>>> print(open('target-v6.txt').read())   # compact mmCIF, C-alpha atoms and all ligand atoms
# COMPACT_ATOMS: atom_id res chain seq x y z
CA MET O 1 28.08 88.04 20.40
CA ALA O 2 25.01 90.15 21.26
CA LEU O 3 24.93 88.52 24.70
CA ALA O 4 28.58 89.33 25.24
CA SER O 5 28.10 93.00 24.34
CA LEU O 6 24.98 93.19 26.56
CA ASN O 7 27.00 91.79 29.46
CA ARG O 8 29.76 94.24 28.78
CA SER O 9 27.38 97.23 28.88
CA ARG O 10 25.80 95.89 32.06
CA ILE O 11 29.20 95.59 33.64
CA ALA O 12 30.01 99.16 32.54
CA LEU O 13 26.73 100.40 34.05
CA VAL O 14 27.33 98.63 37.37
CA ALA O 15 30.92 99.93 37.41
CA GLU O 16 29.66 103.46 36.78
CA LEU O 17 27.12 103.16 39.59
CA ILE O 18 29.83 101.98 41.95
CA VAL O 19 32.04 104.91 40.94
CA VAL O 20 29.22 107.44 41.34
CA SER O 21 28.20 106.11 44.75
CA GLU O 22 31.81 105.98 45.90
CA ARG O 23 32.31 108.60 48.59
CA ILE O 24 35.57 110.46 48.67
CA GLY O 25 36.27 111.30 52.27
CA LEU O 26 38.88 113.48 53.89
CA CYS O 27 41.85 111.41 54.89
CA PHE O 28 42.74 111.42 58.60
CA ALA O 29 45.45 108.76 58.51
CA GLU O 30 47.01 106.42 55.98
CA TRP O 31 47.65 103.25 57.94
CA HIS O 32 48.87 100.04 56.33
CA SER O 33 48.86 96.56 57.86
CA GLU O 34 52.12 97.41 59.70
CA GLU O 35 50.44 100.12 61.77
CA TRP O 36 47.49 97.89 62.70
CA LEU O 37 49.86 95.05 63.60
CA ALA O 38 52.04 97.38 65.67
CA ALA O 39 48.94 98.64 67.50
CA PHE O 40 47.61 95.15 68.25
CA ARG O 41 51.06 93.99 69.37
CA ALA O 42 51.45 96.96 71.72
CA ILE O 43 47.98 96.33 73.19
CA ALA O 44 48.48 92.56 73.51
CA SER O 45 51.88 92.97 75.18
CA GLY O 46 50.66 95.62 77.61
CA HIS O 47 52.82 98.36 76.07
CA VAL O 48 50.12 100.97 75.82
CA ALA O 49 51.22 103.70 78.22
CA SER O 50 54.93 103.03 77.83
CA GLY O 51 57.06 100.51 75.98
CA PRO O 52 60.19 99.89 73.93
CA ALA O 53 58.80 101.64 70.83
CA ILE O 54 59.33 105.04 72.49
CA GLU O 55 63.11 104.84 72.43
CA ARG O 56 63.09 103.45 68.90
CA LEU O 57 60.87 106.29 67.73
CA CYS O 58 63.17 108.83 69.35
CA ASP O 59 66.18 107.38 67.47
CA ALA O 60 64.22 107.27 64.20
CA LEU O 61 63.21 110.93 64.55
CA VAL O 62 66.75 112.04 65.38
CA ALA O 63 67.84 110.33 62.14
CA VAL O 64 65.07 111.97 60.04
CA LEU O 65 66.03 115.33 61.58
CA GLY O 66 69.62 114.99 60.42
CA GLY O 67 71.24 113.40 63.49
CA LYS O 68 72.12 116.61 65.36
CA ALA O 69 68.94 117.69 67.16
CA HIS O 70 67.96 116.41 70.57
CA VAL O 71 64.43 114.96 70.59
CA GLU O 72 62.10 114.56 73.58
CA LEU O 73 58.86 112.67 72.95
CA VAL O 74 55.81 114.11 74.71
CA GLY O 75 52.02 113.72 74.73
CA SER O 76 51.24 116.24 71.97
CA GLY O 77 52.50 119.18 69.95
CA ARG O 78 50.75 121.44 72.48
CA VAL O 79 52.70 119.92 75.34
CA ALA O 80 55.98 120.47 73.44
CA LEU O 81 55.04 124.09 72.71
CA GLY O 82 53.89 124.72 76.29
CA LEU O 83 57.19 123.40 77.69
CA ALA O 84 59.22 125.56 75.30
CA LEU O 85 57.22 128.70 76.15
CA ALA O 86 57.63 128.06 79.89
CA VAL O 87 61.41 127.82 79.46
CA PHE O 88 61.51 130.99 77.31
CA ARG O 89 59.48 132.82 79.93
CA GLN O 90 61.74 131.80 82.79
CA ARG O 91 64.68 133.30 80.93
CA ARG O 92 63.06 136.54 79.79
CA SER O 93 60.20 137.16 82.16
CA GLN O 94 59.82 140.82 81.12
CA CYS O 95 58.72 139.78 77.59
CA THR O 96 55.12 138.62 77.27
CA ARG O 97 54.23 138.66 73.58
CA VAL O 98 54.44 135.84 71.08
CA ILE O 99 54.20 136.37 67.32
CA VAL O 100 51.97 133.85 65.53
CA PRO O 101 50.45 133.89 62.03
CA ALA O 102 46.98 135.39 61.64
CA TYR O 103 45.94 132.13 59.94
CA ILE O 104 46.46 129.38 62.50
CA CYS O 105 44.69 126.59 64.39
CA ASP O 106 43.30 127.02 67.92
CA SER O 107 45.84 124.69 69.50
CA VAL O 108 48.73 127.13 69.01
CA VAL O 109 46.81 130.20 70.18
CA ASP O 110 45.32 128.35 73.18
CA THR O 111 48.76 127.13 74.24
CA VAL O 112 50.23 130.64 74.05
CA ARG O 113 47.40 132.00 76.18
CA ALA O 114 47.58 129.08 78.63
CA ALA O 115 51.25 129.99 79.17
CA GLY O 116 50.11 133.45 80.31
CA LEU O 117 51.41 135.08 77.14
CA GLU O 118 49.76 137.35 74.60
CA PRO O 119 49.56 136.25 70.96
CA VAL O 120 50.38 138.94 68.39
CA PHE O 121 48.81 138.05 65.06
CA VAL O 122 50.89 138.82 61.99
CA ASP O 123 49.50 138.60 58.47
CA ILE O 124 50.41 135.76 56.11
CA GLY O 125 51.95 135.60 52.67
CA SER O 126 50.48 133.88 49.62
CA ASP O 127 51.81 130.52 50.91
CA LEU O 128 49.66 130.91 54.08
CA ASN O 129 52.78 131.32 56.24
CA LEU O 130 54.40 134.19 58.14
CA THR O 131 56.51 136.53 56.03
CA VAL O 132 59.89 137.88 57.08
CA ASP O 133 58.77 141.51 56.59
CA GLY O 134 55.59 140.95 58.58
CA VAL O 135 57.55 139.53 61.52
CA ALA O 136 60.24 142.24 61.29
CA ASN O 137 57.56 144.94 61.52
CA ALA O 138 55.93 143.31 64.56
CA LEU O 139 59.12 142.88 66.60
CA ASP O 140 59.54 145.10 69.65
CA ALA O 141 61.05 144.87 73.13
CA ARG O 142 58.00 143.01 74.49
CA VAL O 143 58.25 140.11 72.06
CA LEU O 144 59.46 136.91 73.69
CA ALA O 145 59.20 134.50 70.78
CA VAL O 146 58.05 133.85 67.23
CA ILE O 147 56.13 130.66 66.42
CA ALA O 148 56.57 129.84 62.75
CA PRO O 149 54.39 126.94 61.56
CA HIS O 150 54.78 125.37 58.13
CA MET O 151 51.11 125.53 57.22
CA TYR O 152 49.86 122.29 55.65
CA ALA O 153 53.56 121.31 55.42
CA CYS O 154 54.41 124.21 53.09
CA PRO O 155 57.79 125.53 54.32
CA ALA O 156 57.75 128.98 55.93
CA PRO O 157 60.82 131.20 55.27
CA ILE O 158 62.34 129.63 58.37
CA SER O 159 66.00 130.21 57.56
CA ALA O 160 65.46 133.96 57.12
CA LEU O 161 63.26 134.04 60.24
CA GLU O 162 66.05 132.33 62.15
CA SER O 163 68.54 135.09 61.22
CA LEU O 164 65.96 137.77 62.02
CA CYS O 165 65.17 136.32 65.46
CA GLN O 166 68.82 135.77 66.29
CA ASP O 167 69.62 139.43 65.48
CA ALA O 168 66.61 140.63 67.48
CA GLY O 169 67.33 138.40 70.48
CA VAL O 170 63.92 136.73 70.21
CA TYR O 171 63.27 132.98 70.60
CA LEU O 172 62.10 131.08 67.53
CA VAL O 173 59.90 127.95 67.49
CA ASP O 174 60.18 126.00 64.23
CA ASP O 175 56.65 124.59 64.36
CA ALA O 176 56.88 121.50 62.16
CA ALA O 177 53.71 119.96 63.64
CA GLN O 178 52.31 119.38 60.15
CA VAL O 179 55.45 118.23 58.33
CA LEU O 180 58.27 115.72 58.65
CA GLY O 181 61.06 114.72 56.28
CA VAL O 182 61.24 118.00 54.35
CA THR O 183 64.33 120.21 54.23
CA GLN O 184 65.05 123.87 53.56
CA GLU O 185 68.55 124.84 52.44
CA GLY O 186 69.57 121.27 53.27
CA ARG O 187 68.32 121.44 56.89
CA PRO O 188 65.26 119.47 58.03
CA LEU O 189 62.24 121.51 59.05
CA GLY O 190 61.92 121.37 62.83
CA THR O 191 65.65 121.96 63.35
CA PHE O 192 65.68 125.74 62.90
CA GLY O 193 65.50 128.25 65.75
CA ASP O 194 65.82 127.41 69.43
CA VAL O 195 63.31 124.58 69.44
CA GLY O 196 61.15 122.75 66.94
CA LEU O 197 57.99 120.80 67.48
CA LEU O 198 56.26 117.83 65.88
CA SER O 199 52.76 116.42 66.24
CA PHE O 200 51.31 113.04 65.36
CA ALA O 201 47.63 113.96 65.60
CA GLN O 202 45.11 113.44 62.79
CA SER O 203 45.75 114.93 59.33
CA LYS O 204 49.46 115.53 59.96
CA THR O 205 52.31 113.84 58.08
CA VAL O 206 52.76 111.03 60.62
CA VAL O 207 49.45 110.15 62.27
CA THR O 208 48.96 108.02 65.36
CA GLY O 209 45.54 109.22 66.54
CA VAL O 210 43.82 112.32 67.82
CA LEU O 211 43.47 113.98 71.25
CA GLY O 212 47.02 114.10 72.52
CA SER O 213 48.33 111.26 70.40
CA GLY O 214 51.98 112.25 70.65
CA GLY O 215 54.41 114.90 69.63
CA ALA O 216 58.02 115.89 70.02
CA LEU O 217 60.05 118.76 71.32
CA VAL O 218 63.11 119.19 69.13
CA ILE O 219 65.87 120.98 71.01
CA ASN O 220 68.20 122.74 68.61
CA ARG O 221 70.51 124.36 71.17
CA ALA O 222 73.18 122.17 72.72
CA ASP O 223 73.04 124.17 75.98
CA TRP O 224 69.34 123.39 76.40
CA SER O 225 69.38 119.64 75.89
CA VAL O 226 70.16 118.77 79.53
CA PRO O 227 67.65 121.15 81.19
CA MET O 228 64.94 120.18 78.67
CA ARG O 229 65.62 116.49 79.20
CA THR O 230 65.31 116.97 82.95
CA ILE O 231 61.91 118.62 82.50
CA CYS O 232 60.70 115.96 80.05
CA ASP O 233 61.98 113.06 82.17
CA SER O 234 59.85 114.32 85.03
CA LEU O 235 56.64 114.12 82.95
CA PRO O 236 54.26 111.31 83.94
CA ALA O 237 53.28 108.49 81.57
CA PRO O 238 49.98 109.16 79.77
CA GLN O 239 46.66 107.66 80.82
CA ARG O 240 43.61 106.40 78.91
CA ARG O 241 45.51 106.05 75.65
CA LEU O 242 43.66 102.88 74.63
CA ARG O 243 40.37 104.72 74.98
CA ALA O 244 41.67 107.67 72.93
CA TRP O 245 42.94 105.26 70.26
CA MET O 246 39.59 103.50 70.03
CA HIS O 247 37.89 106.87 69.73
CA PHE O 248 40.15 107.72 66.79
CA VAL O 249 39.58 104.38 65.08
CA LEU O 250 35.81 104.56 65.50
CA SER O 251 35.22 108.25 64.88
CA TYR O 252 37.76 108.91 62.14
CA LEU O 253 38.94 105.73 60.42
CA ALA O 254 36.01 103.32 60.63
CA ALA O 255 33.13 105.83 60.69
CA PRO O 256 32.71 106.12 56.89
CA TYR O 257 32.29 102.31 56.63
CA LEU O 258 29.94 101.84 59.59
CA GLY O 259 26.93 103.75 58.30
CA PRO O 260 24.77 104.93 61.23
CA PHE O 261 26.98 102.96 63.65
CA GLY O 262 29.91 105.19 62.68
CA GLN O 263 28.53 107.83 65.04
CA ILE O 264 28.37 105.46 68.01
CA ASP O 265 31.34 107.01 69.77
CA TYR O 266 29.86 110.47 69.34
CA TYR O 267 26.45 109.43 70.72
CA LEU O 268 28.04 107.65 73.68
CA ALA O 269 29.99 110.80 74.55
CA ALA O 270 26.87 112.95 74.09
CA ALA O 271 24.80 110.59 76.28
CA LYS O 272 27.46 110.67 79.00
CA LEU O 273 27.47 114.43 78.86
CA ARG O 274 23.68 114.46 79.30
CA VAL O 275 23.71 112.31 82.40
CA GLY O 276 26.59 114.31 83.81
CA MET O 277 29.12 111.48 83.59
CA SER O 278 31.65 113.47 81.68
CA GLN O 279 32.52 116.97 80.64
CA ARG O 280 33.91 117.35 77.16
CA ALA O 281 36.10 120.28 78.14
CA GLN O 282 37.49 118.36 81.10
CA GLN O 283 38.06 115.32 78.94
CA LEU O 284 39.97 117.33 76.36
CA HIS O 285 41.95 118.99 79.11
CA HIS O 286 42.85 115.54 80.38
CA TYR O 287 44.08 114.37 76.99
CA TYR O 288 46.36 117.40 76.66
CA ASN O 289 47.87 117.05 80.13
CA ARG O 290 51.62 117.32 80.27
CA THR O 291 52.73 113.72 79.78
CA ARG O 292 55.18 111.65 77.79
CA ILE O 293 54.11 109.96 74.55
CA SER O 294 52.42 106.56 74.86
CA GLY O 295 54.04 103.27 73.83
CA LEU O 296 51.02 102.52 71.66
CA GLU O 297 51.29 105.69 69.63
CA ALA O 298 55.08 105.43 69.32
CA ALA O 299 54.60 101.92 67.91
CA ILE O 300 52.10 103.21 65.31
CA ALA O 301 54.45 106.04 64.27
CA LEU O 302 57.43 103.79 63.55
CA PRO O 303 56.24 102.10 60.32
CA GLN O 304 55.17 105.49 58.95
CA ILE O 305 58.63 106.87 59.51
CA ALA O 306 60.13 103.87 57.72
CA ARG O 307 57.87 104.60 54.72
CA LEU O 308 58.25 108.39 54.86
CA PRO O 309 60.30 109.00 51.67
CA ASP O 310 57.91 106.88 49.55
CA TYR O 311 54.91 108.50 51.17
CA LEU O 312 56.14 112.03 50.42
CA THR O 313 56.86 111.08 46.80
CA ALA O 314 53.44 109.49 46.31
CA ARG O 315 51.69 112.54 47.73
CA ARG O 316 53.69 114.90 45.51
CA GLY O 317 52.26 112.98 42.55
CA VAL O 318 48.71 113.53 43.82
CA LEU O 319 49.33 117.26 44.29
CA GLU O 320 50.64 117.43 40.73
CA LEU O 321 47.43 115.80 39.46
CA TYR O 322 45.33 118.30 41.39
CA ALA O 323 47.31 121.23 39.99
CA ARG O 324 46.85 119.87 36.46
CA ALA O 325 43.11 119.26 36.95
CA LEU O 326 42.63 122.82 38.22
CA ALA O 327 44.77 124.51 35.55
CA GLY O 328 42.74 127.05 33.61
CA SER O 329 40.07 127.31 36.30
CA GLU O 330 39.67 130.28 38.63
CA ILE O 331 40.32 128.12 41.66
CA ILE O 332 43.80 128.70 43.03
CA PHE O 333 46.00 126.09 44.71
CA PRO O 334 48.06 128.68 46.60
CA GLN O 335 50.71 126.45 48.15
CA PHE O 336 51.42 124.30 45.12
CA THR O 337 54.86 124.30 43.54
CA PRO O 338 56.02 121.32 41.45
CA GLY O 339 57.97 118.90 43.64
CA ARG O 340 56.75 120.37 46.95
CA TYR O 341 55.13 118.07 49.50
CA LEU O 342 51.93 119.28 51.19
CA SER O 343 49.98 117.45 53.89
CA LYS O 344 46.63 118.76 52.58
CA VAL O 345 45.08 120.18 49.46
CA VAL O 346 43.68 123.56 50.49
CA LEU O 347 42.25 125.64 47.67
CA LEU O 348 41.36 129.32 47.38
CA LEU O 349 37.94 129.80 45.82
CA PRO O 350 37.30 132.82 43.59
CA LYS O 351 35.85 135.80 45.47
CA GLU O 352 32.42 135.45 43.91
CA GLN O 353 32.15 131.69 44.51
CA VAL O 354 30.00 131.03 47.58
CA MET O 355 31.62 128.64 50.03
CA SER O 356 28.40 127.02 51.27
CA GLU O 357 27.14 126.35 47.72
CA THR O 358 30.47 124.89 46.70
CA ARG O 359 30.50 122.58 49.69
CA ARG O 360 26.94 121.51 48.94
CA ARG O 361 27.89 120.72 45.34
CA LEU O 362 30.80 118.66 46.56
CA ALA O 363 28.57 116.84 49.03
CA VAL O 364 26.07 116.02 46.25
CA ALA O 365 28.96 114.55 44.27
CA GLY O 366 29.92 112.45 47.32
CA VAL O 367 33.01 114.51 48.13
CA ALA O 368 33.81 115.55 51.69
CA SER O 369 35.33 118.96 52.33
CA ARG O 370 36.36 121.13 55.25
CA ARG O 371 36.72 124.87 55.65
CA GLY O 372 40.05 126.42 56.56
CA TYR O 373 40.75 128.01 59.94
CA PRO O 374 39.11 131.32 60.83
CA ALA O 375 41.31 134.41 60.46
CA ARG O 376 42.70 135.95 63.63
CA SER O 377 42.98 139.47 62.26
CA GLU O 378 40.39 141.90 60.94
CA GLY O 379 42.26 142.95 57.83
CA GLY O 380 45.01 141.78 55.54
CA ARG O 381 45.36 138.62 53.51
CA ALA O 382 44.41 136.25 56.34
CA ALA O 383 41.05 137.99 56.80
CA GLY O 384 40.43 138.16 53.04
CA TRP O 385 41.45 134.60 52.28
CA ALA O 386 40.38 132.54 55.29
CA PRO O 387 36.65 132.49 54.35
CA ARG O 388 37.62 131.33 50.84
CA LEU O 389 39.95 128.47 51.82
CA LEU O 390 38.60 124.95 51.38
CA GLU O 391 40.22 121.60 52.08
CA VAL O 392 39.39 118.78 49.66
CA PRO O 393 40.29 115.08 49.95
CA SER O 394 43.82 113.92 49.23
CA PHE O 395 45.75 110.78 50.09
CA SER O 396 48.87 109.22 48.69
CA GLY O 397 47.21 106.59 46.48
CA MET O 398 44.38 108.84 45.28
CA PRO O 399 43.47 107.83 41.72
CA ALA O 400 43.36 110.46 38.97
CA ARG O 401 39.66 109.77 38.31
CA GLN O 402 38.76 110.72 41.90
CA ILE O 403 40.79 113.93 41.64
CA GLU O 404 39.00 114.71 38.39
CA ARG O 405 35.67 114.10 40.13
CA VAL O 406 36.52 116.47 42.97
CA CYS O 407 37.66 119.19 40.56
CA GLU O 408 34.66 118.74 38.32
CA ALA O 409 32.33 119.25 41.30
CA LEU O 410 34.35 122.31 42.33
CA ARG O 411 34.06 123.85 38.89
CA SER O 412 30.46 122.89 38.14
CA ARG O 413 27.64 125.43 38.10
CA PRO O 414 25.77 126.24 41.33
CA LEU O 415 22.67 124.17 42.14
CA LYS O 416 19.50 125.54 40.54
CA ASN O 417 17.71 126.59 43.71
CA THR O 418 20.71 128.23 45.39
C1 LIG X 1 50.78 124.21 63.39
C2 LIG X 1 50.43 123.39 64.60
N1 LIG X 1 51.13 123.54 65.73
C3 LIG X 1 50.85 122.81 66.83
C4 LIG X 1 49.82 121.88 66.85
C5 LIG X 1 49.50 121.12 68.10
O1 LIG X 1 49.66 119.74 67.96
P1 LIG X 1 48.79 118.71 68.85
O2 LIG X 1 47.46 118.58 68.23
O3 LIG X 1 49.59 117.43 68.79
O4 LIG X 1 48.75 119.25 70.22
C6 LIG X 1 49.08 121.68 65.69
C7 LIG X 1 47.99 120.69 65.63
O5 LIG X 1 46.85 120.93 65.78
C8 LIG X 1 49.38 122.46 64.53
O6 LIG X 1 48.68 122.32 63.39
>>> encode(input="target-v6.txt", output="structure tokens", more="lines below")
Ligand SMILES: Cc1ncc(COP(=O)(O)O)c(C=O)c1O
Amino acid sequence: MALASLNRSRIALVAELIVVSERIGLCFAEWHSEEWLAAFRAIASGHVASGPAIERLCDALVAVLGGKAHVELVGSGRVALGLALAVFRQRRSQCTRVIVPAYICDSVVDTVRAAGLEPVFVDIGSDLNLTVDGVANALDARVLAVIAPHMYACPAPISALESLCQDAGVYLVDDAAQVLGVTQEGRPLGTFGDVGLLSFAQSKTVVTGVLGSGGALVINRADWSVPMRTICDSLPAPQRRLRAWMHFVLSYLAAPYLGPFGQIDYYLAAAKLRVGMSQRAQQLHHYYNRTRISGLEAAIALPQIARLPDYLTARRGVLELYARALAGSEIIFPQFTPGRYLSKVVLLLPKEQVMSETRRRLAVAGVASRRGYPARSEGGRAAGWAPRLLEVPSFSGMPARQIERVCEALRSRPLKNT
């Protein structure tokens, strides 16, 4: 009897140690055996640059997007956006400004600038998206287009923005890079405005890799489907996709399990840079060249699209647990609404809570975290909130005890010496 209870307490102690030493990392992709199998099959059959999965993915996306939109698969969300902006510009060459939210990732801003256009930053609402009033106030005769992303998959007021842009004669991009399978007023996100765009890069809803790992241009105007198809058909097939895929697997998916070897890809790249064998900027430029999507990445996307409804439901459950664990604390989960899907958990820390201390506390508790994007404007909500926004781990099967652990570390007192 005594022996049995001793064993039980030992087991409890070992279990506790395992739990405490368990790291909770940020999730870059949720791949099941189907994705790995699809990848190995594509590689083994030589369908890396192109392959039959591309057409199947196109059909699957048209179905998810309600059956009416025309979809062209390209090398990345940036490529899709760049193509759309070039077409807009051809039609209204006198307009050179593009409205984007003041809280946004580099890829959108860089693409606008690379198209020879000027981004106009408009403040965000409490859901981290553009507001209709903000856009209305920024519209003038020089505005060519509005890019309306659904930040972290939280729907922007896209239907109202569509009416506004139509009345103002301004193009609208429904930037659904971070979301798939969510509707507003019964219409799938990505199908509003003149064009929509999707991305399959890390941390999105469907993830196939990083560095130009695929995206889609969604053409929502019947009169544009033929000219857009002509442009997209002329794009070359991508190159070096196997290398980019291995980089993703090593640097993002396997790294947490490889200990010091997890950084091998990084050190190789750094060593190459040292001896002048490669230039990071050039490499990145190469990955975002205007190309079609690869067969490898299309194959990895397909099983995720088949599982999409279950995936969205499972993640909604995790968001609900986070909201419950944070209830009563001063930390705000600004985009949370019961039943809403989000691709990330991004929290707003109280004004007086220091970001670096909070991240250190999380790190001590074995919890990874990432800061939000920098603000693009000097004032307004974006400027006030951006330094206080923090991403914490979330994935569809995340157990309640891990969520509790993250929230406990977020709420706990600052370290003594800080
Ligand atoms: C809102 C938004 N738009 C566009 C993009 C560009 O997508 P990609 O990384 O596939 O070029 C991203 C991704 O970084 C994004 O978050």
>>> closest_residue(input="target-v6.txt", among="O:Ala80, O:Leu312, O:Ala136, O:Val207", to="Gln166 (chain O)", atoms="only C-alpha atoms")
O:Ala136
>>> residues_near_ligand(input="target-v6.txt", ligand="ligand LIG 1 (chain X)", cutoff="10 Å", atoms="only C-alpha atoms and all ligand atoms", output="ChimeraX atom specification")
/O:74-82,100-101,103-111,147-153,173-179,197-204,207,209-216,287-288
>>> atom_distance(input="target-v6.txt", atom1="CA of Ile403 (chain O)", atom2="CA of Thr183 (chain O)")
27.4 Å
>>> residues_around(input="target-v6.txt", residues="region 113-119 of chain O", least_positions_apart="3", cutoff="6 Å", atoms="only C-alpha atoms", output="ChimeraX atom specification")
/O:96-99,110
>>> write_last_selection(input="target-v6.txt", atoms="C-alpha atoms", output="compact mmCIF listing (two decimals), keeping the file's coordinate frame")
# COMPACT_ATOMS: atom_id res chain seq x y z
CA THR O 96 55.12 138.62 77.27
CA ARG O 97 54.23 138.66 73.58
CA VAL O 98 54.44 135.84 71.08
CA ILE O 99 54.20 136.37 67.32
CA ASP O 110 45.32 128.35 73.18
>>> atom_distance(input="target-v6.txt", atom1="CA of Leu128 (chain O)", atom2="CA of Ile332 (chain O)")
12.7 Å
>>> atom_distance(input="target-v6.txt", atom1="CA of Arg187 (chain O)", atom2="CA of Arg221 (chain O)")
14.7 Å
>>> closest_residue(input="target-v6.txt", among="O:Leu37, O:Ile300, O:Leu250, O:Cys154", to="Leu57 (chain O)", atoms="only C-alpha atoms")
O:Ile300
>>> closest_residue(input="target-v6.txt", among="O:Thr291, O:Tyr311, O:Ala306, O:Cys407", to="Asp59 (chain O)", atoms="all atoms listed in the file")
O:Ala306
>>> closest_residue(input="target-v6.txt", among="O:Arg274, O:Arg361, O:Arg240, O:Arg381", to="Leu130 (chain O)", atoms="all atoms listed in the file")
O:Arg381
>>> closest_residue(input="target-v6.txt", among="O:Ile331, O:Val71, O:Ala84, O:Leu349", to="Ala222 (chain O)", atoms="all atoms listed in the file")
O:Val71
>>> residues_near_point(input="target-v6.txt", point="(44.6, 105.6, 49.5)", cutoff="10 Å", atoms="all atoms listed in the file", output="short mmCIF file (atom, residue, chain, number, x, y, z; two decimals) with C-alpha atoms, in the coordinates of the input")
data_model
loop_
_atom_site.label_atom_id
_atom_site.label_comp_id
_atom_site.auth_asym_id
_atom_site.auth_seq_id
_atom_site.Cartn_x
_atom_site.Cartn_y
_atom_site.Cartn_z
CA CYS O 27 41.85 111.41 54.89
CA ALA O 29 45.45 108.76 58.51
CA GLU O 30 47.01 106.42 55.98
CA TRP O 31 47.65 103.25 57.94
CA HIS O 32 48.87 100.04 56.33
CA SER O 394 43.82 113.92 49.23
CA PHE O 395 45.75 110.78 50.09
CA SER O 396 48.87 109.22 48.69
CA GLY O 397 47.21 106.59 46.48
CA MET O 398 44.38 108.84 45.28
CA PRO O 399 43.47 107.83 41.72
#
>>> residues_around(input="target-v6.txt", residues="region 365-380 of chain O", least_positions_apart="5", cutoff="10 Å", atoms="all atoms listed in the file", output="PyMOL selection string")
chain O and resi 20-27+100-106+109+120-125+346-348+355-356+358-360+385-393+402+405-406+408-410
>>> residues_near_point(input="target-v6.txt", point="(45.8, 123.0, 47.6)", cutoff="7 Å", atoms="only C-alpha atoms", output="NGL selection string")
:O and (333-336 or 344-347)
